[in-house]
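Notes follow once the structure below has been shown.
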Amino acid sequence: MQDGIIVAMNRDDITHLAALARLRLEDSELEQFEAQLPAIVDYVSAVNSIADEGDTEPNPGVRPNIFRDDTITNQPNQFSDEIIQEMPHAEGRFLSVKKILNIAD
């Protein structure tokens, strides 16, 4: 039912709907959909009528502040010298790494 009106879908309606969806249906599938589609339309209209009732504004509820203050847990350059010493190719404070992206212009 759609707004109190029974929706009857015949074989031609289902064939047209399948063509719009670019589907090819066999005769057995047409019979199956002819029996099932009115129930699907009824269900969707029932869901729509429930959705139309009540408040349509989303209400996520009260959310506490989940952010924390940023705090520095190590001193600047605390690990830099050790990392630079472990690198096979370094120039001053710059590290040389293998190229992994091949970007063509």
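By order in the structure tokens, chains are A, B, ...; within a chain, residues start at 1; ligands start at 1, following the order shown.
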Could you go through chain A and tell me which residues DSSP, when run on the backbone, assigns to strand (DSSP E or B), listing them as JSON, numbers by chain? {"A": [2, 5, 90, 91, 94, 95]}
Taking C-alpha atoms for each residue, export the selection above as a PDB file, in the first residue's frame.
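See out-v2.pdb below for the written result:
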```pdb
ATOM      1  CA  GLN A   2       1.240   3.476  -0.807  1.00  0.00           C
ATOM      2  CA  ILE A   5      -3.632   2.933  -2.112  1.00  0.00           C
ATOM      3  CA  ALA A  90      73.019  11.190   5.663  1.00  0.00           C
ATOM      4  CA  GLU A  91      74.204  14.732   4.957  1.00  0.00           C
ATOM      5  CA  PHE A  94      69.163  15.312   6.197  1.00  0.00           C
ATOM      6  CA  LEU A  95      68.513  11.636   5.592  1.00  0.00           C
TER       7      LEU A  95
END
```
Distance query region 98-101 of chain A at most 12 Å, only C-alpha atoms, self and fewer than 6 positions along chain excluded, as a list of chain:residue names: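 Contacts, in chain order: A:Met87, A:Pro88, A:His89.
With CA of Gly92 (chain A) on one side and CA of Asn74 (chain A) on the other, the separation reads 21.8 Å.
Using only C-alpha atoms for every distance, the candidate list A:Asp12, A:Leu20, A:Gln85, A:Ser49 yields A:Asp12 as the residue closest to Phe33 (chain A).
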Show which residues sit within 12 Å of Arg93 (chain A), as a PyMOL selection string. Count only C-alpha atoms, and ignore same-chain residues fewer than 5 positions away. chain A and resi 77+80-85+87
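The environment of Ala18 (chain A) within 12 Å, counting only C-alpha atoms and disregarding residues fewer than 4 places along the same chain, consists of Arg11, Asp12, Asp13, Ile14, Arg22, Leu23, Arg24, Leu25, Glu26, Glu29, Leu30, Phe33, Glu34 and Leu37 of chain A.
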Rounded to one decimal place, report the CA of Gln36 (chain A)-CA of Ile50 (chain A) distance in Å.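 Pair CA of Gln36 (chain A) / CA of Ile50 (chain A) returns 21.6 Å.
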Can you tell me, as a PDB file with C-alpha atoms, in the first residue's frame, which residues in chain A count as helix (DSSP H, G or I) by DSSP?
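File result10.pdb, as written:
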```pdb
ATOM      1  CA  ARG A  11       3.981  -8.047 -15.747  1.00  0.00           C
ATOM      2  CA  ASP A  12       4.330  -5.013 -18.069  1.00  0.00           C
ATOM      3  CA  ASP A  13       5.222  -2.738 -15.143  1.00  0.00           C
ATOM      4  CA  ILE A  14       7.849  -5.183 -13.933  1.00  0.00           C
ATOM      5  CA  THR A  15       9.297  -5.574 -17.441  1.00  0.00           C
ATOM      6  CA  HIS A  16       9.470  -1.785 -17.769  1.00  0.00           C
ATOM      7  CA  LEU A  17      11.116  -1.466 -14.358  1.00  0.00           C
ATOM      8  CA  ALA A  18      13.645  -4.164 -15.292  1.00  0.00           C
ATOM      9  CA  ALA A  19      14.409  -2.358 -18.559  1.00  0.00           C
ATOM     10  CA  LEU A  20      15.035   0.885 -16.643  1.00  0.00           C
ATOM     11  CA  ASP A  27       9.574 -15.561 -17.364  1.00  0.00           C
ATOM     12  CA  SER A  28      10.065 -17.403 -14.077  1.00  0.00           C
ATOM     13  CA  GLU A  29      11.782 -14.353 -12.598  1.00  0.00           C
ATOM     14  CA  LEU A  30       8.961 -12.108 -13.806  1.00  0.00           C
ATOM     15  CA  GLU A  31       6.425 -14.332 -12.025  1.00  0.00           C
ATOM     16  CA  GLN A  32       8.544 -14.279  -8.873  1.00  0.00           C
ATOM     17  CA  PHE A  33       8.857 -10.487  -8.898  1.00  0.00           C
ATOM     18  CA  GLU A  34       5.172 -10.096  -9.717  1.00  0.00           C
ATOM     19  CA  ALA A  35       4.427 -11.849  -6.418  1.00  0.00           C
ATOM     20  CA  GLN A  36       7.183 -10.139  -4.368  1.00  0.00           C
ATOM     21  CA  LEU A  37       7.211  -6.489  -5.508  1.00  0.00           C
ATOM     22  CA  PRO A  38       3.868  -5.452  -3.960  1.00  0.00           C
ATOM     23  CA  ALA A  39       5.083  -6.675  -0.569  1.00  0.00           C
ATOM     24  CA  ILE A  40       8.358  -4.776  -1.017  1.00  0.00           C
ATOM     25  CA  VAL A  41       6.507  -1.565  -1.942  1.00  0.00           C
ATOM     26  CA  ASP A  42       4.228  -2.021   1.094  1.00  0.00           C
ATOM     27  CA  TYR A  43       7.254  -2.462   3.361  1.00  0.00           C
ATOM     28  CA  VAL A  44       9.041   0.613   1.990  1.00  0.00           C
ATOM     29  CA  SER A  45       5.917   2.737   2.359  1.00  0.00           C
ATOM     30  CA  ALA A  46       5.530   1.502   5.957  1.00  0.00           C
ATOM     31  CA  VAL A  47       9.133   2.447   6.683  1.00  0.00           C
ATOM     32  CA  ASN A  48       8.586   5.863   5.078  1.00  0.00           C
ATOM     33  CA  SER A  49       5.468   6.476   7.162  1.00  0.00           C
ATOM     34  CA  ILE A  50       7.372   5.604  10.352  1.00  0.00           C
ATOM     35  CA  ALA A  51      10.218   7.887   9.283  1.00  0.00           C
ATOM     36  CA  ASP A  52       7.729  10.702   8.670  1.00  0.00           C
ATOM     37  CA  SER A  80      67.746  12.738  16.177  1.00  0.00           C
ATOM     38  CA  ASP A  81      71.482  12.080  16.596  1.00  0.00           C
ATOM     39  CA  GLU A  82      70.914   8.344  17.176  1.00  0.00           C
ATOM     40  CA  ILE A  83      68.696   8.086  14.092  1.00  0.00           C
ATOM     41  CA  ILE A  84      71.175   9.982  11.894  1.00  0.00           C
ATOM     42  CA  GLN A  85      74.015   7.696  13.052  1.00  0.00           C
ATOM     43  CA  GLU A  86      72.004   4.594  12.067  1.00  0.00           C
TER      44      GLU A  86
END
```
